[in-house]
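Q: This is protein-v3.cif, which holds mmCIF, C-alpha atoms:
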data_data
#
loop_
_atom_site.label_atom_id
_atom_site.label_comp_id
_atom_site.auth_asym_id
_atom_site.auth_seq_id
_atom_site.Cartn_x
_atom_site.Cartn_y
_atom_site.Cartn_z
CA MET A 3 -86.93 -17.44 51.54
CA ASN A 4 -90.20 -17.79 53.43
CA ALA A 5 -93.29 -16.37 51.76
CA PRO A 6 -94.83 -13.52 53.80
CA ILE A 7 -97.70 -14.55 56.02
CA GLU A 8 -101.02 -13.24 54.74
CA PRO A 9 -102.36 -10.83 57.39
CA ASP A 10 -105.67 -11.60 59.05
CA ARG A 11 -108.21 -9.08 57.76
CA SER A 12 -110.73 -10.08 60.45
CA GLY A 13 -108.40 -9.19 63.33
CA ALA A 14 -107.47 -5.71 64.45
CA CYS A 15 -105.36 -3.64 62.08
CA ALA A 16 -103.16 -0.66 62.95
CA ILE A 17 -102.45 2.42 60.86
CA ILE A 18 -99.22 4.08 62.02
CA LEU A 19 -98.77 7.70 60.96
CA ALA A 20 -95.12 8.11 59.98
CA ALA A 21 -94.99 10.49 57.01
CA GLY A 22 -93.73 13.66 58.66
CA LYS A 23 -90.33 15.29 58.54
CA GLY A 24 -90.40 16.66 62.07
CA THR A 25 -88.91 20.06 61.16
CA ARG A 26 -88.35 21.06 64.79
CA MET A 27 -86.24 17.97 65.47
CA LYS A 28 -83.25 19.71 63.79
CA SER A 29 -82.39 16.46 62.02
CA ASP A 30 -82.45 15.35 58.39
CA LEU A 31 -83.96 12.05 59.50
CA PRO A 32 -87.69 11.39 59.20
CA LYS A 33 -89.08 12.09 62.66
CA VAL A 34 -90.01 8.46 63.36
CA LEU A 35 -86.41 7.36 62.69
CA CYS A 36 -84.91 9.70 65.30
CA PRO A 37 -83.37 7.36 67.87
CA VAL A 38 -84.58 6.98 71.43
CA VAL A 39 -82.86 4.49 73.74
CA GLY A 40 -80.66 3.60 70.77
CA ARG A 41 -83.47 2.61 68.36
CA ALA A 42 -85.62 4.43 65.83
CA MET A 43 -88.67 5.50 67.84
CA ILE A 44 -91.19 3.83 65.51
CA HIS A 45 -89.92 0.39 66.57
CA PHE A 46 -91.34 0.89 70.05
CA VAL A 47 -94.77 1.72 68.60
CA ILE A 48 -94.77 -1.49 66.55
CA ASP A 49 -93.46 -3.51 69.52
CA ALA A 50 -96.44 -2.30 71.60
CA LEU A 51 -98.92 -3.12 68.82
CA GLU A 52 -97.46 -6.61 68.44
CA ALA A 53 -97.56 -7.17 72.21
CA ALA A 54 -101.23 -6.12 72.21
CA GLY A 55 -102.00 -8.73 69.55
CA ILE A 56 -102.32 -6.31 66.61
CA HIS A 57 -100.30 -8.10 63.93
CA ARG A 58 -101.49 -6.31 60.80
CA GLN A 59 -99.77 -2.94 60.47
CA ILE A 60 -99.99 -0.31 57.74
CA VAL A 61 -97.34 2.40 58.01
CA VAL A 62 -98.10 5.70 56.27
CA VAL A 63 -94.82 7.01 54.84
CA GLY A 64 -94.00 10.28 53.12
CA TYR A 65 -90.79 12.17 53.87
CA GLN A 66 -87.84 9.86 53.06
CA ALA A 67 -90.25 6.97 52.59
CA ASP A 68 -87.51 4.61 51.42
CA ALA A 69 -85.47 5.22 54.57
CA VAL A 70 -88.45 4.34 56.78
CA LYS A 71 -89.15 1.22 54.73
CA ALA A 72 -85.50 0.15 54.91
CA GLU A 73 -85.41 0.59 58.69
CA LEU A 74 -88.60 -1.42 59.20
CA ALA A 75 -87.30 -4.16 56.87
CA THR A 76 -84.74 -4.93 59.59
CA ARG A 77 -87.51 -6.23 61.87
CA ARG A 78 -87.62 -9.98 62.18
CA ASN A 79 -90.59 -11.57 60.38
CA SER A 80 -91.65 -8.10 59.28
CA ASN A 81 -94.90 -8.17 57.35
CA ILE A 82 -95.57 -4.45 57.42
CA GLU A 83 -97.61 -2.85 54.65
CA PHE A 84 -97.03 0.70 53.47
CA ALA A 85 -99.19 3.53 52.18
CA LEU A 86 -97.65 6.65 50.61
CA GLN A 87 -98.76 10.14 51.63
CA ALA A 88 -96.90 12.07 48.94
CA GLU A 89 -98.20 15.43 50.18
CA GLN A 90 -98.87 16.06 53.87
CA LEU A 91 -102.44 17.35 54.05
CA GLY A 92 -103.33 16.38 57.61
CA THR A 93 -103.97 13.26 59.69
CA GLY A 94 -107.27 12.54 57.96
CA HIS A 95 -105.57 12.70 54.58
CA ALA A 96 -102.87 10.32 55.85
CA VAL A 97 -105.50 7.71 56.69
CA GLN A 98 -107.28 8.34 53.38
CA CYS A 99 -104.03 7.20 51.73
CA CYS A 100 -104.69 3.74 53.24
CA GLU A 101 -107.85 3.22 51.19
CA GLN A 102 -106.41 0.33 49.17
CA PRO A 103 -105.00 -1.80 52.03
CA LEU A 104 -108.18 -1.16 54.05
CA ALA A 105 -110.43 -2.33 51.21
CA ASP A 106 -110.71 -5.89 52.55
CA GLN A 107 -110.22 -5.14 56.27
CA THR A 108 -113.23 -6.46 58.21
CA GLY A 109 -111.85 -6.27 61.75
CA PRO A 110 -111.42 -2.96 63.62
CA THR A 111 -108.74 -0.41 62.72
CA ILE A 112 -106.71 1.57 65.25
CA VAL A 113 -104.83 4.71 64.25
CA VAL A 114 -101.73 5.68 66.25
CA ALA A 115 -98.81 8.08 65.87
CA GLY A 116 -95.44 6.71 64.82
CA ASP A 117 -93.68 9.24 67.05
CA SER A 118 -95.16 7.95 70.33
CA PRO A 119 -92.59 5.41 71.57
CA LEU A 120 -94.10 5.31 75.07
CA ILE A 121 -97.38 3.85 73.82
CA GLN A 122 -98.20 0.93 76.15
CA ALA A 123 -99.43 -2.50 75.07
CA SER A 124 -101.55 -2.67 78.23
CA SER A 125 -103.39 0.52 77.23
CA LEU A 126 -104.02 -0.84 73.74
CA LYS A 127 -105.41 -4.08 75.21
CA THR A 128 -107.74 -2.09 77.48
CA LEU A 129 -109.05 -0.19 74.46
CA LEU A 130 -109.49 -3.36 72.38
CA ASN A 131 -111.36 -5.13 75.20
CA HIS A 132 -113.69 -2.18 75.81
CA PHE A 133 -114.29 -1.86 72.07
CA ALA A 134 -115.18 -5.55 71.80
CA ASP A 135 -117.60 -5.22 74.73
CA THR A 136 -119.42 -2.05 73.66
CA GLN A 137 -118.98 -2.04 69.84
CA PRO A 138 -118.96 1.73 69.21
CA ALA A 139 -118.27 3.19 65.77
CA LEU A 140 -115.25 4.94 67.27
CA LEU A 141 -113.46 4.65 70.60
CA LEU A 142 -111.03 7.43 71.49
CA GLY A 143 -108.12 6.52 73.75
CA THR A 144 -107.83 9.47 76.14
CA LEU A 145 -105.73 10.49 79.12
CA GLU A 146 -106.24 12.32 82.38
CA LYS A 147 -103.49 14.97 82.44
CA ASP A 148 -102.69 17.27 85.35
CA ASP A 149 -101.61 20.03 82.97
CA PRO A 150 -103.73 19.73 79.81
CA THR A 151 -102.46 23.00 78.30
CA GLY A 152 -102.53 22.97 74.51
CA LEU A 153 -104.42 19.70 74.17
CA GLY A 154 -107.95 19.02 72.95
CA ARG A 155 -110.41 18.51 75.82
CA ILE A 156 -112.91 15.65 75.97
CA VAL A 157 -116.37 17.10 76.59
CA ARG A 158 -118.98 14.88 78.26
CA ASN A 159 -122.60 15.42 79.28
CA ALA A 160 -123.97 15.11 82.82
CA GLN A 161 -124.33 11.33 82.32
CA GLY A 162 -120.66 11.03 81.33
CA ASP A 163 -121.33 10.32 77.66
CA PHE A 164 -118.83 11.60 75.09
CA MET A 165 -120.08 14.76 73.40
CA GLY A 166 -117.05 16.04 71.51
CA ILE A 167 -113.50 17.35 71.42
CA VAL A 168 -112.80 21.04 71.95
CA GLU A 169 -109.37 22.33 70.99
CA HIS A 170 -107.54 24.38 73.61
CA LYS A 171 -107.76 27.61 71.61
CA ASP A 172 -111.54 27.22 71.22
CA ALA A 173 -112.31 26.16 74.80
CA THR A 174 -114.41 28.15 77.27
CA PRO A 175 -112.99 28.74 80.79
CA GLU A 176 -115.11 25.80 82.02
CA GLN A 177 -113.79 23.54 79.27
CA LEU A 178 -110.21 24.61 79.96
CA ALA A 179 -110.64 23.11 83.43
CA ILE A 180 -111.25 19.65 81.90
CA THR A 181 -108.26 17.34 82.43
CA GLU A 182 -109.31 14.49 80.10
CA VAL A 183 -107.54 15.05 76.79
CA ASN A 184 -107.44 13.63 73.28
CA MET A 185 -104.18 11.76 72.54
CA SER A 186 -104.72 10.96 68.84
CA THR A 187 -105.41 7.26 69.43
CA TYR A 188 -108.50 6.20 67.49
CA LEU A 189 -110.10 2.73 67.35
CA PHE A 190 -112.73 2.42 64.61
CA GLN A 191 -115.11 -0.10 63.17
CA THR A 192 -113.52 -0.13 59.73
CA PRO A 193 -116.77 0.62 57.81
CA ASP A 194 -117.30 3.64 60.09
CA LEU A 195 -113.72 4.78 59.49
CA LYS A 196 -114.31 4.65 55.73
CA ALA A 197 -117.56 6.56 56.12
CA ALA A 198 -115.88 9.25 58.22
CA LEU A 199 -112.97 9.60 55.79
CA ALA A 200 -115.44 10.22 52.97
CA MET A 201 -117.06 13.03 54.97
CA LEU A 202 -113.89 14.91 55.98
CA ARG A 203 -113.53 18.48 54.73
CA ASN A 204 -110.51 20.79 54.68
CA ASP A 205 -112.37 24.06 55.28
CA ASN A 206 -110.04 25.21 58.07
CA ALA A 207 -107.16 27.66 58.41
CA GLN A 208 -104.57 25.02 57.40
CA SER A 209 -106.66 23.57 54.54
CA GLU A 210 -105.96 20.11 55.98
CA TYR A 211 -108.09 17.03 56.65
CA TYR A 212 -108.17 16.23 60.37
CA LEU A 213 -108.94 12.75 61.67
CA THR A 214 -110.18 14.42 64.87
CA ASP A 215 -113.25 15.60 62.92
CA SER A 216 -114.35 11.99 62.48
CA ALA A 217 -115.68 11.89 66.06
CA ARG A 218 -118.07 14.77 65.36
CA LEU A 219 -119.02 13.50 61.89
CA LEU A 220 -119.88 10.02 63.15
CA ARG A 221 -121.93 11.39 66.06
CA GLU A 222 -123.82 13.71 63.70
CA SER A 223 -124.66 10.74 61.49
CA GLY A 224 -126.10 8.89 64.48
CA ARG A 225 -123.23 6.49 65.14
CA PRO A 226 -122.02 5.80 68.71
CA VAL A 227 -118.72 7.38 69.71
CA GLU A 228 -117.05 6.72 73.06
CA ALA A 229 -113.94 7.92 74.86
CA LEU A 230 -112.03 5.87 77.43
CA PRO A 231 -109.26 7.33 79.61
CA ALA A 232 -107.19 4.18 79.20
CA LEU A 233 -103.83 5.80 78.49
CA GLN A 234 -101.16 6.15 81.15
CA PRO A 235 -99.26 9.31 82.19
CA CYS A 236 -96.09 8.27 80.35
CA GLU A 237 -98.09 8.14 77.10
CA SER A 238 -98.65 11.90 77.30
CA LEU A 239 -94.98 12.61 76.63
CA SER A 240 -94.70 13.91 73.08
CA ILE A 241 -91.59 14.36 70.95
CA ASN A 242 -91.52 17.55 68.90
CA ASN A 243 -87.96 18.80 69.43
CA PRO A 244 -84.53 17.53 70.61
CA GLU A 245 -85.25 18.53 74.21
CA GLU A 246 -88.43 16.44 74.35
CA LEU A 247 -86.58 13.56 72.68
CA GLN A 248 -84.01 13.65 75.46
CA LEU A 249 -86.75 13.73 78.13
CA VAL A 250 -88.47 10.70 76.59
CA ASP A 251 -85.14 8.90 76.33
CA GLN A 252 -84.52 9.49 80.04
CA LYS A 253 -88.04 8.36 80.94
CA MET A 254 -87.74 5.18 78.88
CA ARG A 255 -84.38 4.33 80.46
CA ALA A 256 -85.91 4.86 83.91
CA MET A 257 -88.78 2.52 82.91
CA GLY A 258 -86.34 -0.22 81.91
CA TYR A 259 -86.48 0.03 78.11
CA ALA A 260 -82.66 -0.10 77.99
#
Could I get this structure in the form of structure tokens?
A:
Amino acid sequence: MNAPIEPDRSGACAIILAAGKGTRMKSDLPKVLCPVVGRAMIHFVIDALEAAGIHRQIVVVGYQADAVKAELATRRNSNIEFALQAEQLGTGHAVQCCEQPLADQTGPTIVVAGDSPLIQASSLKTLLNHFADTQPALLLGTLEKDDPTGLGRIVRNAQGDFMGIVEHKDATPEQLAITEVNMSTYLFQTPDLKAALAMLRNDNAQSEYYLTDSARLLRESGRPVEALPALQPCESLSINNPEELQLVDQKMRAMGYA
């Protein structure tokens, strides 16, 4: 049996959030294992990362962790690392659970959702190239969406610089008119990610640690944060229930995934 290839700590690393149950999916499966186009949806996320040249992947598991690990073990030449989020305390907490595998990561780290099978390798490459050119502490991958209802808006100043994220429920009428939205795709300098994780607080209604807060925390500490509307319309399709799963399945078939 071949020894696993040691991942390159100086290249880009991906953290894939895959710990949730997905209660609204009406399935006993972990959400990321619900099939779309005949495959567990997380496979498409990893395919896109691989195609974008991101070959070190850390999957955060929680609900039915062994089932997720077993499914990913079926991938050819799989060298995926795992971090356990035993208790789901928010996206920031999920990434905090990756402290050990990130200890020796010197290249950038991108955080993506494991339930986003329509993530596009071309979008990831655009983000990586922009990040390499401008070297921010954090680059948010955003999307221009005709109907941004329910999503966090990207607020910019008159010069077009990123100023922050305002959640839909907190937005003013002017901010509600913004069509650039946060899609939970975060590309960090790894030292800045570690610094932001150490600053996260859970003083909110859900008592959870939100990775979204890292943009504000890094800006407040004087670090450069940028947002790039690099994501494509298909990447806005989320899967939170069986109906949305069916819509994404239809879209992926139409796009030639099957």
Q: Expanded to explicit residues, what is the PyMOL selection byres ((chain A and resi 40-49) around 7) for this file, as a ChimeraX atom specification?
A: /A:34-39,50-53,116-119,121
Q: Would you save the residues from that selection as a JSON list (two decimals), in the frame of the given file, using C-alpha atoms?
A:
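Final file, selection-v2.json:
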[["chain", "number", "residue", "atom", "x", "y", "z"],
["A", 34, "VAL", "CA", -90.01, 8.46, 63.36],
["A", 35, "LEU", "CA", -86.41, 7.36, 62.69],
["A", 36, "CYS", "CA", -84.91, 9.70, 65.30],
["A", 37, "PRO", "CA", -83.37, 7.36, 67.87],
["A", 38, "VAL", "CA", -84.58, 6.98, 71.43],
["A", 39, "VAL", "CA", -82.86, 4.49, 73.74],
["A", 50, "ALA", "CA", -96.44, -2.30, 71.60],
["A", 51, "LEU", "CA", -98.92, -3.12, 68.82],
["A", 52, "GLU", "CA", -97.46, -6.61, 68.44],
["A", 53, "ALA", "CA", -97.56, -7.17, 72.21],
["A", 116, "GLY", "CA", -95.44, 6.71, 64.82],
["A", 117, "ASP", "CA", -93.68, 9.24, 67.05],
["A", 118, "SER", "CA", -95.16, 7.95, 70.33],
["A", 119, "PRO", "CA", -92.59, 5.41, 71.57],
["A", 121, "ILE", "CA", -97.38, 3.85, 73.82]]
Q: If the PyMOL selection byres ((chain A and resi 107-110) around 12) is run on the structure shown, which residues does it catch, given as an MDAnalysis selection string?
A: chainID A and resid 9:17 56:60 100:106 111:113 129:131 133:134 137:141 188:196
Q: Could you write out the selected residues, including C-alpha atoms, as a tab-separated table (two decimals), keeping the file's coordinate frame?
A:
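Wrote it out as part.tsv, contents follow:
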chain	number	residue	atom	x	y	z
A	9	PRO	CA	-102.36	-10.83	57.39
A	10	ASP	CA	-105.67	-11.60	59.05
A	11	ARG	CA	-108.21	-9.08	57.76
A	12	SER	CA	-110.73	-10.08	60.45
A	13	GLY	CA	-108.40	-9.19	63.33
A	14	ALA	CA	-107.47	-5.71	64.45
A	15	CYS	CA	-105.36	-3.64	62.08
A	16	ALA	CA	-103.16	-0.66	62.95
A	17	ILE	CA	-102.45	2.42	60.86
A	56	ILE	CA	-102.32	-6.31	66.61
A	57	HIS	CA	-100.30	-8.10	63.93
A	58	ARG	CA	-101.49	-6.31	60.80
A	59	GLN	CA	-99.77	-2.94	60.47
A	60	ILE	CA	-99.99	-0.31	57.74
A	100	CYS	CA	-104.69	3.74	53.24
A	101	GLU	CA	-107.85	3.22	51.19
A	102	GLN	CA	-106.41	0.33	49.17
A	103	PRO	CA	-105.00	-1.80	52.03
A	104	LEU	CA	-108.18	-1.16	54.05
A	105	ALA	CA	-110.43	-2.33	51.21
A	106	ASP	CA	-110.71	-5.89	52.55
A	111	THR	CA	-108.74	-0.41	62.72
A	112	ILE	CA	-106.71	1.57	65.25
A	113	VAL	CA	-104.83	4.71	64.25
A	129	LEU	CA	-109.05	-0.19	74.46
A	130	LEU	CA	-109.49	-3.36	72.38
A	131	ASN	CA	-111.36	-5.13	75.20
A	133	PHE	CA	-114.29	-1.86	72.07
A	134	ALA	CA	-115.18	-5.55	71.80
A	137	GLN	CA	-118.98	-2.04	69.84
A	138	PRO	CA	-118.96	1.73	69.21
A	139	ALA	CA	-118.27	3.19	65.77
A	140	LEU	CA	-115.25	4.94	67.27
A	141	LEU	CA	-113.46	4.65	70.60
A	188	TYR	CA	-108.50	6.20	67.49
A	189	LEU	CA	-110.10	2.73	67.35
A	190	PHE	CA	-112.73	2.42	64.61
A	191	GLN	CA	-115.11	-0.10	63.17
A	192	THR	CA	-113.52	-0.13	59.73
A	193	PRO	CA	-116.77	0.62	57.81
A	194	ASP	CA	-117.30	3.64	60.09
A	195	LEU	CA	-113.72	4.78	59.49
A	196	LYS	CA	-114.31	4.65	55.73
Q: Write out as a Markdown table a residue-level contact list of range 57-158 of chain A versus range 21-27 of chain A with cut-off 10 Å: for each qualifying residue the closest pair of atoms and the distance in Å to one decimal, counting all atoms listed in the file, rows sorted by chain and residue number upward.
A:
| residue | atom | partner | partner_atom | distance |
| --- | --- | --- | --- | --- |
| A:Val61 | CA | A:Ala21 | CA | 8.5 |
| A:Val62 | CA | A:Ala21 | CA | 5.8 |
| A:Val63 | CA | A:Ala21 | CA | 4.1 |
| A:Gly64 | CA | A:Ala21 | CA | 4.0 |
| A:Tyr65 | CA | A:Ala21 | CA | 5.5 |
| A:Gln66 | CA | A:Lys23 | CA | 8.1 |
| A:Ala67 | CA | A:Ala21 | CA | 7.4 |
| A:Val70 | CA | A:Ala21 | CA | 9.0 |
| A:Ala85 | CA | A:Ala21 | CA | 9.5 |
| A:Leu86 | CA | A:Ala21 | CA | 7.9 |
| A:Gln87 | CA | A:Ala21 | CA | 6.6 |
| A:Ala88 | CA | A:Ala21 | CA | 8.4 |
| A:Glu89 | CA | A:Ala21 | CA | 9.0 |
| A:Gln90 | CA | A:Gly22 | CA | 7.4 |
| A:Thr93 | CA | A:Ala21 | CA | 9.8 |
| A:Ala96 | CA | A:Ala21 | CA | 8.0 |
| A:Ala115 | CA | A:Ala21 | CA | 9.9 |
| A:Gly116 | CA | A:Ala21 | CA | 8.7 |
| A:Asp117 | CA | A:Gly22 | CA | 9.5 |
Q: Could you check the closest approach to Ala72 in chain A for each of A:Phe84, A:Leu220, A:Cys99, A:His170 and tell me which residue wins, using all atoms listed in the file?
A: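 Going through A:Phe84, A:Leu220, A:Cys99, A:His170 one by one, the smallest distance to Ala72 in chain A is for A:Phe84.
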Q: Leu239 in chain A: which residues within 8 Å, counting all atoms listed in the file, same-chain residues fewer than 5 positions away excluded, as a short mmCIF file (atom, residue, chain, number, x, y, z; two decimals) with C-alpha atoms, in the frame of the given file?
A:
data_model
loop_
_atom_site.label_atom_id
_atom_site.label_comp_id
_atom_site.auth_asym_id
_atom_site.auth_seq_id
_atom_site.Cartn_x
_atom_site.Cartn_y
_atom_site.Cartn_z
CA SER A 118 -95.16 7.95 70.33
CA LEU A 120 -94.10 5.31 75.07
CA GLU A 246 -88.43 16.44 74.35
CA VAL A 250 -88.47 10.70 76.59
#
Q: Counting all atoms listed in the file, which residues in range 195-245 of chain A sit no more than 12 Å from range 253-260 of chain A? For each one, give the nearest pair of atoms and the distance in Å, sorted by chain then residue number, as a tab-separated table.
A:
residue	atom	partner	partner_atom	distance
A:Pro235	CA	A:Lys253	CA	11.3
A:Cys236	CA	A:Lys253	CA	8.1
A:Glu237	CA	A:Lys253	CA	10.8
A:Ser238	CA	A:Lys253	CA	11.8
A:Leu239	CA	A:Lys253	CA	9.2
A:Ser240	CA	A:Lys253	CA	11.7
Q: List the spatial neighbours of Ile180 in chain A as a list in words - criterion: any atom at most 8 Å away, only C-alpha atoms, same-chain residues fewer than 5 positions off excluded.
A: Pro150, Arg155, Ile156 and Val157 of chain A
Q: Which residues, written as number ranges by chain, have at least one atom at most 12 Å from range 206-209 of chain A, with all atoms listed in the file counted and residues fewer than 4 positions away on the same chain left out?
A: A: 90-95, 202, 215
Q: For this file, the PyMOL selection byres ((chain A and resi 228) around 9) selects which residues, as a PyMOL selection string?
A: chain A and resi 138-143+163-165+217+226-227+229-230
Q: Can you tell me how far CA of Gln122 in chain A sits from CA of Gln234 in chain A, in Å to one decimal?
A: 7.8 Å
Q: Please report the interatomic distance between CA of Leu247 in chain A and CA of Val114 in chain A in Å with one decimal.
A: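 CA of Val114 in chain A lies 18.2 Å from CA of Leu247 in chain A.
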Q: May I ask for the distance between CA of Thr214 in chain A and CA of Leu145 in chain A, given in Å to one decimal place?
A: 15.4 Å
Q: Using the block above, I'd like range 225-239 of chain A written out, keeping N, CA and C atoms and formatting it as a JSON list (two decimals), in the first residue's frame.
A:
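To be explicit, this is the file written out as selection-v6.json:
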[["chain", "number", "residue", "atom", "x", "y", "z"],
["A", 225, "ARG", "N", -5.80, 45.31, 9.66],
["A", 225, "ARG", "CA", -5.40, 44.41, 8.59],
["A", 225, "ARG", "C", -6.30, 44.61, 7.37],
["A", 226, "PRO", "N", -5.74, 44.48, 6.15],
["A", 226, "PRO", "CA", -6.54, 44.71, 4.94],
["A", 226, "PRO", "C", -7.50, 43.56, 4.64],
["A", 227, "VAL", "N", -8.75, 43.92, 4.41],
["A", 227, "VAL", "CA", -9.78, 42.95, 4.04],
["A", 227, "VAL", "C", -10.40, 43.40, 2.72],
["A", 228, "GLU", "N", -10.53, 42.48, 1.80],
["A", 228, "GLU", "CA", -11.11, 42.78, 0.49],
["A", 228, "GLU", "C", -12.27, 41.83, 0.20],
["A", 229, "ALA", "N", -13.11, 42.25, -0.73],
["A", 229, "ALA", "CA", -14.20, 41.39, -1.22],
["A", 229, "ALA", "C", -14.17, 41.44, -2.74],
["A", 230, "LEU", "N", -14.33, 40.28, -3.37],
["A", 230, "LEU", "CA", -14.28, 40.20, -4.83],
["A", 230, "LEU", "C", -15.50, 39.42, -5.31],
["A", 231, "PRO", "N", -16.35, 40.06, -6.15],
["A", 231, "PRO", "CA", -17.53, 39.35, -6.67],
["A", 231, "PRO", "C", -17.14, 38.37, -7.77],
["A", 232, "ALA", "N", -16.43, 37.32, -7.36],
["A", 232, "ALA", "CA", -15.88, 36.35, -8.30],
["A", 232, "ALA", "C", -16.80, 35.16, -8.52],
["A", 233, "LEU", "N", -17.80, 35.01, -7.65],
["A", 233, "LEU", "CA", -18.65, 33.82, -7.75],
["A", 233, "LEU", "C", -19.72, 34.01, -8.82],
["A", 234, "GLN", "N", -20.15, 32.89, -9.37],
["A", 234, "GLN", "CA", -21.09, 32.87, -10.49],
["A", 234, "GLN", "C", -22.51, 32.60, -10.00],
["A", 235, "PRO", "N", -23.53, 32.99, -10.79],
["A", 235, "PRO", "CA", -24.92, 32.85, -10.34],
["A", 235, "PRO", "C", -25.27, 31.45, -9.83],
["A", 236, "CYS", "N", -24.76, 30.41, -10.49],
["A", 236, "CYS", "CA", -25.10, 29.05, -10.04],
["A", 236, "CYS", "C", -24.61, 28.78, -8.63],
["A", 237, "GLU", "N", -23.56, 29.50, -8.19],
["A", 237, "GLU", "CA", -22.99, 29.27, -6.86],
["A", 237, "GLU", "C", -23.86, 29.85, -5.75],
["A", 238, "SER", "N", -24.91, 30.57, -6.13],
["A", 238, "SER", "CA", -25.82, 31.13, -5.12],
["A", 238, "SER", "C", -26.88, 30.12, -4.70],
["A", 239, "LEU", "N", -26.97, 29.01, -5.41],
["A", 239, "LEU", "CA", -28.01, 28.03, -5.10],
["A", 239, "LEU", "C", -27.63, 27.23, -3.86]]
